Structures are given as C-alpha cells and as structure tokens.
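**Student:** I am sharing run.pdb, which consists of PDB, C-alpha atoms:
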```pdb
ATOM      1  CA  MET Z   1      17.725  -9.261 -15.046
ATOM      2  CA  SER Z   2      14.762 -10.224 -17.163
ATOM      3  CA  ALA Z   3      13.550  -7.994 -19.974
ATOM      4  CA  LEU Z   4      10.613  -5.714 -19.409
ATOM      5  CA  THR Z   5       7.341  -6.085 -21.248
ATOM      6  CA  PRO Z   6       6.802  -4.103 -24.486
ATOM      7  CA  ALA Z   7       5.411  -1.175 -22.496
ATOM      8  CA  ALA Z   8       8.952  -0.579 -21.244
ATOM      9  CA  ALA Z   9      10.006   0.427 -24.733
ATOM     10  CA  LEU Z  10       8.032   3.671 -24.553
ATOM     11  CA  PRO Z  11      10.581   6.469 -25.105
ATOM     12  CA  ALA Z  12      11.326   9.423 -22.815
ATOM     13  CA  SER Z  13       8.581   8.629 -20.316
ATOM     14  CA  ALA Z  14       8.280   6.673 -17.113
ATOM     15  CA  LEU Z  15       6.242   3.492 -17.128
ATOM     16  CA  SER Z  16       2.696   4.017 -15.953
ATOM     17  CA  THR Z  17       1.904   2.078 -12.805
ATOM     18  CA  GLU Z  18      -1.176   0.686 -14.565
ATOM     19  CA  GLU Z  19       1.100  -1.012 -17.109
ATOM     20  CA  LEU Z  20       3.196  -2.935 -14.597
ATOM     21  CA  THR Z  21       3.108  -6.637 -13.886
ATOM     22  CA  PRO Z  22       3.333  -7.643 -10.193
ATOM     23  CA  ARG Z  23       7.048  -8.325 -10.636
ATOM     24  CA  GLN Z  24       7.622  -4.935 -12.225
ATOM     25  CA  ALA Z  25       5.584  -3.225  -9.511
ATOM     26  CA  GLU Z  26       7.793  -4.813  -6.860
ATOM     27  CA  ARG Z  27      10.904  -3.682  -8.759
ATOM     28  CA  ARG Z  28       9.502  -0.148  -8.872
ATOM     29  CA  ARG Z  29       8.883  -0.231  -5.106
ATOM     30  CA  ARG Z  30      12.504  -1.274  -4.530
ATOM     31  CA  ILE Z  31      13.686   1.634  -6.664
ATOM     32  CA  LEU Z  32      11.572   4.108  -4.708
ATOM     33  CA  ARG Z  33      12.776   2.686  -1.381
ATOM     34  CA  ALA Z  34      16.407   3.006  -2.471
ATOM     35  CA  ALA Z  35      15.906   6.582  -3.676
ATOM     36  CA  THR Z  36      14.075   7.531  -0.480
ATOM     37  CA  ALA Z  37      16.866   6.136   1.689
ATOM     38  CA  LEU Z  38      19.555   8.022  -0.247
ATOM     39  CA  ALA Z  39      17.574  11.272  -0.145
ATOM     40  CA  ALA Z  40      16.901  10.923   3.596
ATOM     41  CA  ARG Z  41      20.628  10.524   4.231
ATOM     42  CA  GLY Z  42      22.020  13.189   1.932
ATOM     43  CA  GLY Z  43      19.324  15.214   0.197
ATOM     44  CA  TYR Z  44      18.970  15.889  -3.513
ATOM     45  CA  GLU Z  45      22.646  15.611  -4.424
ATOM     46  CA  ALA Z  46      22.957  12.209  -2.733
ATOM     47  CA  VAL Z  47      20.437  10.636  -5.108
ATOM     48  CA  GLN Z  48      22.651   9.363  -7.910
ATOM     49  CA  MET Z  49      21.008   7.069 -10.424
ATOM     50  CA  ARG Z  50      23.801   4.484 -10.347
ATOM     51  CA  GLU Z  51      23.610   4.245  -6.556
ATOM     52  CA  VAL Z  52      19.818   3.985  -6.700
ATOM     53  CA  ALA Z  53      20.148   1.109  -9.178
ATOM     54  CA  GLU Z  54      22.647  -0.653  -6.937
ATOM     55  CA  GLY Z  55      20.476  -0.142  -3.860
ATOM     56  CA  ALA Z  56      17.414  -1.496  -5.668
ATOM     57  CA  ASP Z  57      19.368  -4.382  -7.233
ATOM     58  CA  VAL Z  58      18.417  -3.439 -10.788
ATOM     59  CA  ALA Z  59      20.482  -2.648 -13.848
ATOM     60  CA  LEU Z  60      21.059   1.043 -14.534
ATOM     61  CA  GLY Z  61      19.310   0.739 -17.901
ATOM     62  CA  THR Z  62      16.324  -0.834 -16.189
ATOM     63  CA  LEU Z  63      16.129   2.068 -13.734
ATOM     64  CA  TYR Z  64      15.990   4.542 -16.628
ATOM     65  CA  ARG Z  65      13.114   2.589 -18.176
ATOM     66  CA  TYR Z  66      11.091   3.246 -15.029
ATOM     67  CA  PHE Z  67      12.339   6.779 -14.355
ATOM     68  CA  PRO Z  68      14.006   8.712 -17.208
ATOM     69  CA  SER Z  69      15.738  11.154 -14.818
ATOM     70  CA  LYS Z  70      16.443  11.878 -11.178
ATOM     71  CA  VAL Z  71      13.693  14.495 -11.221
ATOM     72  CA  HIS Z  72      11.156  11.914 -12.439
ATOM     73  CA  LEU Z  73      12.330   9.580  -9.683
ATOM     74  CA  LEU Z  74      12.118  12.090  -6.836
ATOM     75  CA  VAL Z  75       8.746  13.420  -7.949
ATOM     76  CA  ALA Z  76       7.571   9.783  -7.817
ATOM     77  CA  VAL Z  77       8.965   9.573  -4.274
ATOM     78  CA  MET Z  78       6.938  12.672  -3.423
ATOM     79  CA  LEU Z  79       3.808  11.091  -4.891
ATOM     80  CA  GLU Z  80       4.378   8.016  -2.739
ATOM     81  CA  GLN Z  81       4.760  10.177   0.388
ATOM     82  CA  LEU Z  82       1.620  12.144  -0.481
ATOM     83  CA  GLY Z  83      -0.258   8.896  -1.046
ATOM     84  CA  ARG Z  84       0.596   7.794   2.480
ATOM     85  CA  LEU Z  85      -0.541  11.139   3.861
ATOM     86  CA  HIS Z  86      -3.832  10.827   1.977
ATOM     87  CA  GLU Z  87      -4.386   7.370   3.472
ATOM     88  CA  GLN Z  88      -3.634   8.717   6.961
ATOM     89  CA  VAL Z  89      -6.128  11.557   6.553
ATOM     90  CA  LEU Z  90      -8.829   9.143   5.412
ATOM     91  CA  ARG Z  91      -8.043   6.701   8.224
ATOM     92  CA  ARG Z  92      -7.582   9.300  10.977
ATOM     93  CA  PRO Z  93      -9.471  12.479   9.996
ATOM     94  CA  PRO Z  94      -8.500  15.749  11.700
ATOM     95  CA  ALA Z  95     -10.819  16.871  14.480
ATOM     96  CA  GLY Z  96     -10.927  20.641  13.927
ATOM     97  CA  GLU Z  97     -14.245  22.412  14.380
ATOM     98  CA  ASP Z  98     -14.462  23.809  10.836
ATOM     99  CA  PRO Z  99     -12.944  23.024   7.388
ATOM    100  CA  ALA Z 100     -10.182  25.615   7.728
ATOM    101  CA  ALA Z 101      -9.116  24.300  11.128
ATOM    102  CA  ARG Z 102      -9.092  20.711   9.844
ATOM    103  CA  VAL Z 103      -7.014  21.606   6.785
ATOM    104  CA  SER Z 104      -4.583  23.647   8.876
ATOM    105  CA  GLU Z 105      -4.211  20.769  11.341
ATOM    106  CA  THR Z 106      -3.545  18.247   8.560
ATOM    107  CA  LEU Z 107      -0.952  20.339   6.734
ATOM    108  CA  THR Z 108       0.762  21.344   9.970
ATOM    109  CA  ARG Z 109       0.941  17.675  10.966
ATOM    110  CA  ALA Z 110       2.426  16.857   7.561
ATOM    111  CA  PHE Z 111       4.936  19.691   7.930
ATOM    112  CA  HIS Z 112       6.110  18.334  11.283
ATOM    113  CA  ALA Z 113       6.508  14.875   9.717
ATOM    114  CA  LEU Z 114       8.665  16.351   6.947
ATOM    115  CA  GLY Z 115      10.625  18.232   9.579
ATOM    116  CA  ARG Z 116      11.809  14.901  10.940
ATOM    117  CA  GLU Z 117      13.291  14.100   7.487
ATOM    118  CA  PRO Z 118      14.502  17.510   6.251
ATOM    119  CA  ARG Z 119      16.921  16.116   3.661
ATOM    120  CA  LEU Z 120      14.226  13.964   2.114
ATOM    121  CA  ALA Z 121      11.877  16.958   2.075
ATOM    122  CA  GLU Z 122      14.577  19.080   0.425
ATOM    123  CA  ALA Z 123      15.181  16.473  -2.264
ATOM    124  CA  MET Z 124      11.498  16.156  -3.138
ATOM    125  CA  VAL Z 125      10.794  19.896  -3.199
ATOM    126  CA  ARG Z 126      13.910  20.620  -5.267
ATOM    127  CA  ALA Z 127      12.908  17.965  -7.762
ATOM    128  CA  LEU Z 128       9.464  19.529  -8.062
ATOM    129  CA  SER Z 129      10.989  22.968  -8.632
ATOM    130  CA  PHE Z 130      13.366  21.581 -11.294
ATOM    131  CA  ALA Z 131      10.640  19.693 -13.178
ATOM    132  CA  ASP Z 132      10.230  20.618 -16.839
ATOM    133  CA  ARG Z 133       7.572  19.685 -19.389
ATOM    134  CA  SER Z 134       8.776  16.082 -19.545
ATOM    135  CA  VAL Z 135       7.556  15.668 -15.958
ATOM    136  CA  SER Z 136       4.279  17.555 -16.439
ATOM    137  CA  ARG Z 137       2.085  14.473 -15.971
ATOM    138  CA  GLU Z 138       3.732  13.608 -12.659
ATOM    139  CA  VAL Z 139       3.636  17.231 -11.472
ATOM    140  CA  ASP Z 140      -0.072  17.375 -12.299
ATOM    141  CA  GLU Z 141      -0.527  14.224 -10.203
ATOM    142  CA  VAL Z 142       1.240  15.938  -7.289
ATOM    143  CA  GLY Z 143      -1.184  18.863  -7.568
ATOM    144  CA  SER Z 144      -4.224  16.600  -7.829
ATOM    145  CA  LEU Z 145      -3.174  14.478  -4.861
ATOM    146  CA  THR Z 146      -2.423  17.555  -2.761
ATOM    147  CA  SER Z 147      -5.913  18.881  -3.516
ATOM    148  CA  ALA Z 148      -7.384  15.480  -2.643
ATOM    149  CA  ILE Z 149      -5.608  15.561   0.728
ATOM    150  CA  VAL Z 150      -6.872  19.062   1.483
ATOM    151  CA  LEU Z 151     -10.394  18.147   0.366
ATOM    152  CA  ALA Z 152     -10.389  14.988   2.506
ATOM    153  CA  ALA Z 153      -9.191  16.985   5.498
ATOM    154  CA  ALA Z 154     -11.752  19.759   4.964
ATOM    155  CA  ARG Z 155     -14.754  17.392   4.935
ATOM    156  CA  LEU Z 156     -16.980  20.033   3.368
ATOM    157  CA  GLY Z 157     -20.013  17.754   3.352
ATOM    158  CA  GLU Z 158     -20.954  18.691  -0.195
ATOM    159  CA  GLU Z 159     -19.413  19.226  -3.618
ATOM    160  CA  PRO Z 160     -16.914  22.129  -3.387
ATOM    161  CA  THR Z 161     -17.966  25.381  -5.011
ATOM    162  CA  THR Z 162     -15.929  27.102  -7.716
ATOM    163  CA  ALA Z 163     -14.499  29.437  -5.085
ATOM    164  CA  GLN Z 164     -13.568  26.509  -2.842
ATOM    165  CA  ARG Z 165     -11.859  24.731  -5.726
ATOM    166  CA  ALA Z 166      -9.820  27.881  -6.329
ATOM    167  CA  ALA Z 167      -9.016  27.946  -2.600
ATOM    168  CA  LEU Z 168      -7.811  24.337  -2.800
ATOM    169  CA  ARG Z 169      -5.354  25.301  -5.523
ATOM    170  CA  VAL Z 170      -4.097  28.306  -3.550
ATOM    171  CA  ILE Z 171      -3.667  26.169  -0.431
ATOM    172  CA  GLY Z 172      -1.612  23.670  -2.434
ATOM    173  CA  HIS Z 173       0.580  26.457  -3.842
ATOM    174  CA  THR Z 174       1.028  27.904  -0.352
ATOM    175  CA  TRP Z 175       1.962  24.497   1.040
ATOM    176  CA  TYR Z 176       4.864  24.057  -1.400
ATOM    177  CA  ALA Z 177       5.958  27.702  -1.228
ATOM    178  CA  THR Z 178       6.168  27.581   2.574
ATOM    179  CA  LEU Z 179       8.057  24.292   2.440
ATOM    180  CA  LEU Z 180      10.578  25.834   0.048
ATOM    181  CA  ALA Z 181      10.935  28.921   2.244
ATOM    182  CA  TRP Z 182      11.494  26.768   5.338
ATOM    183  CA  LEU Z 183      14.011  24.505   3.611
ATOM    184  CA  SER Z 184      15.992  27.516   2.373
ATOM    185  CA  GLY Z 185      16.026  29.088   5.841
ATOM    186  CA  ARG Z 186      13.767  31.991   4.868
ATOM    187  CA  ALA Z 187      10.865  30.952   7.084
ATOM    188  CA  SER Z 188      10.615  29.535  10.581
ATOM    189  CA  PRO Z 189       8.284  26.672  11.553
ATOM    190  CA  ALA Z 190       6.048  29.287  13.163
ATOM    191  CA  ASP Z 191       5.922  31.213   9.864
ATOM    192  CA  VAL Z 192       4.955  28.040   8.036
ATOM    193  CA  ARG Z 193       2.147  27.278  10.478
ATOM    194  CA  ALA Z 194       0.833  30.850  10.271
ATOM    195  CA  ASP Z 195       0.861  30.862   6.453
ATOM    196  CA  LEU Z 196      -0.873  27.477   6.249
ATOM    197  CA  HIS Z 197      -3.544  28.649   8.694
ATOM    198  CA  THR Z 198      -4.115  31.831   6.681
ATOM    199  CA  ALA Z 199      -4.387  29.929   3.397
ATOM    200  CA  ALA Z 200      -6.779  27.382   4.912
ATOM    201  CA  ARG Z 201      -9.118  30.205   5.902
ATOM    202  CA  LEU Z 202      -9.821  30.781   2.199
ATOM    203  CA  LEU Z 203     -12.095  27.737   2.314
ATOM    204  CA  THR Z 204     -14.511  29.501   4.652
ATOM    205  CA  LEU Z 205     -14.731  32.833   2.849
ATOM    206  CA  PRO Z 206     -18.129  33.617   1.298
TER
END
```
Could you show the structure in this file as structure tokens?
**Tutor:**
Amino acid sequence: MSALTPAAALPASALSTEELTPRQAERRRRILRAATALAARGGYEAVQMREVAEGADVALGTLYRYFPSKVHLLVAVMLEQLGRLHEQVLRRPPAGEDPAARVSETLTRAFHALGREPRLAEAMVRALSFADRSVSREVDEVGSLTSAIVLAAARLGEEPTTAQRAALRVIGHTWYATLLAWLSGRASPADVRADLHTAARLLTLP
C-alpha cells in the first residue's frame, strides 16, 4: 500500500475530500462501500474497522487516516446517502402543489427508501447521535445538506426568509428525530409521515 500524501499526516481528523488525489478518492469510495455493505447487513455493531479495511482492501492504519473512528466513517456514509438524495431531488423534483407538500413528499420518499435498508439507517442515525466535538464538522455538513435537500424540494422561488430558514432547521431536526423514533420502535411509519407533514407546514406559515 503506497504512502499517503502529506495531508494524511493531519492528526485526529479525517482527510478533507478536497485534499485527495484521484487514487485516494477511489480508495475512500471503496472504504465507504465496504462500510455501507457491513451496515446494511448487520447495523451499527457490524461495522468493525478491521472488517471495513479488509473489505476495502486497505491497511487498517490507512483506514484510520481517512476516518479516525467508526462514528466518523458512518457519518460520512450518511453524507454520501444524503448527497444521492439531493441529486435525485434536483433531477426529479417533487410535484406537490405548494412548498410544504413538496417537502413532505420528498422526505416521505426518503423515509420509504431508508425503510428498505433499516439496518443501514440504524447505523447512520446511531453514529450521528454518538458524534462528539471531534465530528462537529461532519455533523454540520449533515445539517447543511439536509437543509439543501429541503430547500431544493420546496422550490420557494425566492431567497428564503428568516422564518423559513428557521423552519428548514426545524424540519431537519424533525426528520432525524422521527427516524430515531421509528428505528427504536416508538413511532410507526404513519406517525413518521404525519410528523414530517406537520413540520413541512412551517414553511408556509406567515
């Protein structure tokens, strides 16, 4: 395994994707694919760093240079999943008659997609809930990307107001809270849909 560039020597932090060479970017993709496959099969506990390294065909030390912990790794998996959802929303916008309906449709569609991979969803949400300050940059990226997805779905037609920006944050919080409640068996799919619809309505309040 070849040595990483000097950027890899940064302590206690994952490599920024902007710092990666094409070869390193491909290695990172293999790591994320391996982690995603393990999580989809067995949830959070199934994602062991040594097994991820073996599945990605990288040395264990190399894996830790990209992702200092399992939480860093699974939050990165979540970011990748959110990135795909964002692309889908931009490519195939929801057809609801108003911003709230479009946001509700998008998040409900995303919920159903996660429902097909409940162990992967559990692993990602648990990682987010376990994240400490060392993962603050990645967690902030999750929040920003979630807001971007909601904003793309809403198609407000103009710059969001201060109240709408606050609504975007509340919708994002509701999205993860309802996912956690569903994964822990405290909410049914119908509860999740109802809560997402209620939160989305905040966008249309005066």
**Student:** Can you tell me, as number ranges by chain, what residues are no more than 12 Å from Met78 of chain Z when counting all atoms listed in the file, ignoring any on the same chain fewer than 5 positions away?
**Tutor:** Z: 32-33, 35-36, 39, 71-73, 83-85, 114, 120-128, 138-139, 141-143, 145-146, 176
**Student:** What would the list of residues within 10 Å of (11.5, 14.6, -17.0) (file frame) look like as a ChimeraX atom specification, if all atoms listed in the file are what count?
**Tutor:** /Z:12-14,67-73,75,127,130-139
**Student:** What does the distance from atom CA of Gly185 of chain Z to atom CA of Gly42 of chain Z come to in Å, to one decimal?
**Tutor:**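 Distance reported for this atom pair: 17.4 Å.
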**Student:** Under the rule that only C-alpha atoms are counted, which of Z:His173, Z:Val47, Z:His86, Z:Leu63 is the nearest residue to Leu151 of chain Z?
**Tutor:**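 Closest residue, counting only C-alpha atoms: Z:His86.
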**Student:** Residues picked by the PyMOL selection byres ((chain Z and resi 34) around 12) here, as a ChimeraX atom specification?
**Tutor:** /Z:27-33,35-41,46-58,63,73-74,77
**Student:** Just to be explicit: take each residue in the selection above, keep C-alpha atoms, and write the result as an mmCIF file, keeping the file's coordinate frame.
**Tutor:**
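And here is the file that came out, again.cif:
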```cif
data_model
loop_
_atom_site.group_PDB
_atom_site.id
_atom_site.type_symbol
_atom_site.label_atom_id
_atom_site.label_comp_id
_atom_site.auth_asym_id
_atom_site.auth_seq_id
_atom_site.Cartn_x
_atom_site.Cartn_y
_atom_site.Cartn_z
ATOM 1 C CA ARG Z 27 10.904 -3.682 -8.759
ATOM 2 C CA ARG Z 28 9.502 -0.148 -8.872
ATOM 3 C CA ARG Z 29 8.883 -0.231 -5.106
ATOM 4 C CA ARG Z 30 12.504 -1.274 -4.530
ATOM 5 C CA ILE Z 31 13.686 1.634 -6.664
ATOM 6 C CA LEU Z 32 11.572 4.108 -4.708
ATOM 7 C CA ARG Z 33 12.776 2.686 -1.381
ATOM 8 C CA ALA Z 35 15.906 6.582 -3.676
ATOM 9 C CA THR Z 36 14.075 7.531 -0.480
ATOM 10 C CA ALA Z 37 16.866 6.136 1.689
ATOM 11 C CA LEU Z 38 19.555 8.022 -0.247
ATOM 12 C CA ALA Z 39 17.574 11.272 -0.145
ATOM 13 C CA ALA Z 40 16.901 10.923 3.596
ATOM 14 C CA ARG Z 41 20.628 10.524 4.231
ATOM 15 C CA ALA Z 46 22.957 12.209 -2.733
ATOM 16 C CA VAL Z 47 20.437 10.636 -5.108
ATOM 17 C CA GLN Z 48 22.651 9.363 -7.910
ATOM 18 C CA MET Z 49 21.008 7.069 -10.424
ATOM 19 C CA ARG Z 50 23.801 4.484 -10.347
ATOM 20 C CA GLU Z 51 23.610 4.245 -6.556
ATOM 21 C CA VAL Z 52 19.818 3.985 -6.700
ATOM 22 C CA ALA Z 53 20.148 1.109 -9.178
ATOM 23 C CA GLU Z 54 22.647 -0.653 -6.937
ATOM 24 C CA GLY Z 55 20.476 -0.142 -3.860
ATOM 25 C CA ALA Z 56 17.414 -1.496 -5.668
ATOM 26 C CA ASP Z 57 19.368 -4.382 -7.233
ATOM 27 C CA VAL Z 58 18.417 -3.439 -10.788
ATOM 28 C CA LEU Z 63 16.129 2.068 -13.734
ATOM 29 C CA LEU Z 73 12.330 9.580 -9.683
ATOM 30 C CA LEU Z 74 12.118 12.090 -6.836
ATOM 31 C CA VAL Z 77 8.965 9.573 -4.274
#
```
**Student:** Z:Gly43, Z:Pro99, Z:Gly61, Z:Pro94: which is nearest Glu158 of chain Z, counting only C-alpha atoms?
**Tutor:**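 The answer is Z:Pro99, which sits nearest to Glu158 of chain Z.
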**Student:** Record the distance separating atom CA of Asp140 of chain Z and atom CA of Arg91 of chain Z, expressed in Å with one decimal.
**Tutor:**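 If I compute the distance from atom CA of Asp140 of chain Z to atom CA of Arg91 of chain Z, I get 24.5 Å.
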**Student:** Could you work out how far atom CA of Ile149 of chain Z lies from atom CA of Leu82 of chain Z, giving the answer in Å with one decimal?
**Tutor:**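 Separation of atom CA of Leu82 of chain Z and atom CA of Ile149 of chain Z: 8.1 Å.
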**Student:** So which residues touch segment 161-166 of chain Z within 9 Å, counting all atoms listed in the file, skipping near sequence neighbours fewer than 6 positions away, as a ChimeraX atom specification?
**Tutor:** /Z:147,202-206
**Student:** Z:Glu159, Z:Asp191, Z:Glu19, Z:Glu80: which is nearest Thr108 of chain Z, counting all atoms listed in the file?
**Tutor:**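 Among Z:Glu159, Z:Asp191, Z:Glu19, Z:Glu80, it is Z:Asp191 that comes nearest to Thr108 of chain Z.
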**Student:** Given the choices Z:Ala113, Z:Ala200, Z:Leu156, Z:Ala187, which gets closest to Val170 of chain Z if the distance is worked out from only C-alpha atoms?
**Tutor:**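 Ranked by minimum distance to Val170 of chain Z, first place goes to Z:Ala200.
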**Student:** Axis-aligned box over every listed atom of segment 55-64 of chain Z, padded by 4 Å per side: centre and edges in Å to one decimal, as lines of an AutoDock Vina configuration file?
**Tutor:**
```
center_x = 18.5
center_y = 0.1
center_z = -10.9
size_x = 13.1
size_y = 16.9
size_z = 22.0
```
**Student:** Find, counting all atoms listed in the file, the residue in Z:Leu107, Z:Ala154, Z:Ala199, Z:Ala25 that gets nearest to Tyr66 of chain Z.
**Tutor:**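 Going through Z:Leu107, Z:Ala154, Z:Ala199, Z:Ala25 one by one, the smallest distance to Tyr66 of chain Z is for Z:Ala25.
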**Student:** My list of candidates is Z:Arg23, Z:Arg65, Z:Leu180, Z:Glu105. Which is closest to Ala194 of chain Z when distances are computed with only C-alpha atoms?
**Tutor:** Z:Glu105
**Student:** Write out as a list in words each polymer residue whose atoms come within 8 Å of Ser104 of chain Z, counting only C-alpha atoms; drop sequence neighbours fewer than 2 positions from it.
**Tutor:** Ala100, Ala101, Arg102, Thr106, Leu107, Thr108, Arg193, Leu196, His197 and Ala200 of chain Z
**Student:** Could you rebuild segment 101-116 of chain Z with N, CA, C and O atoms and give me the result as a CSV table (one decimal), in the frame of the given file?
**Tutor:**
```csv
chain,number,residue,atom,x,y,z
Z,101,ALA,N,-9.9,24.8,10.0
Z,101,ALA,CA,-9.1,24.3,11.1
Z,101,ALA,C,-8.6,22.9,10.8
Z,101,ALA,O,-7.5,22.5,11.2
Z,102,ARG,N,-9.5,22.1,10.2
Z,102,ARG,CA,-9.1,20.7,9.8
Z,102,ARG,C,-8.0,20.7,8.8
Z,102,ARG,O,-7.0,19.9,8.9
Z,103,VAL,N,-8.1,21.5,7.8
Z,103,VAL,CA,-7.0,21.6,6.8
Z,103,VAL,C,-5.7,22.1,7.4
Z,103,VAL,O,-4.6,21.5,7.2
Z,104,SER,N,-5.8,23.1,8.2
Z,104,SER,CA,-4.6,23.6,8.9
Z,104,SER,C,-3.9,22.6,9.7
Z,104,SER,O,-2.7,22.4,9.7
Z,105,GLU,N,-4.7,21.8,10.5
Z,105,GLU,CA,-4.2,20.8,11.3
Z,105,GLU,C,-3.5,19.7,10.5
Z,105,GLU,O,-2.4,19.2,10.9
Z,106,THR,N,-4.1,19.3,9.4
Z,106,THR,CA,-3.5,18.2,8.6
Z,106,THR,C,-2.2,18.7,8.0
Z,106,THR,O,-1.2,17.9,8.0
Z,107,LEU,N,-2.2,19.9,7.4
Z,107,LEU,CA,-1.0,20.3,6.7
Z,107,LEU,C,0.1,20.6,7.8
Z,107,LEU,O,1.3,20.4,7.5
Z,108,THR,N,-0.2,21.1,8.9
Z,108,THR,CA,0.8,21.3,10.0
Z,108,THR,C,1.3,20.0,10.4
Z,108,THR,O,2.6,19.9,10.7
Z,109,ARG,N,0.5,19.0,10.6
Z,109,ARG,CA,0.9,17.7,11.0
Z,109,ARG,C,1.9,17.1,9.9
Z,109,ARG,O,2.9,16.5,10.2
Z,110,ALA,N,1.6,17.3,8.6
Z,110,ALA,CA,2.4,16.9,7.6
Z,110,ALA,C,3.8,17.6,7.6
Z,110,ALA,O,4.8,17.0,7.3
Z,111,PHE,N,3.7,18.9,7.9
Z,111,PHE,CA,4.9,19.7,7.9
Z,111,PHE,C,5.9,19.2,9.0
Z,111,PHE,O,7.1,19.0,8.8
Z,112,HIS,N,5.3,18.9,10.2
Z,112,HIS,CA,6.1,18.3,11.3
Z,112,HIS,C,6.7,17.0,10.9
Z,112,HIS,O,7.9,16.7,11.3
Z,113,ALA,N,6.0,16.2,10.2
Z,113,ALA,CA,6.5,14.9,9.7
Z,113,ALA,C,7.7,15.1,8.8
Z,113,ALA,O,8.7,14.4,8.9
Z,114,LEU,N,7.6,16.0,7.9
Z,114,LEU,CA,8.7,16.4,6.9
Z,114,LEU,C,9.9,16.9,7.7
Z,114,LEU,O,11.0,16.7,7.3
Z,115,GLY,N,9.6,17.7,8.8
Z,115,GLY,CA,10.6,18.2,9.6
Z,115,GLY,C,11.5,17.2,10.2
Z,115,GLY,O,12.7,17.5,10.5
Z,116,ARG,N,11.0,16.0,10.4
Z,116,ARG,CA,11.8,14.9,10.9
Z,116,ARG,C,12.7,14.3,9.9
Z,116,ARG,O,13.7,13.6,10.2
```
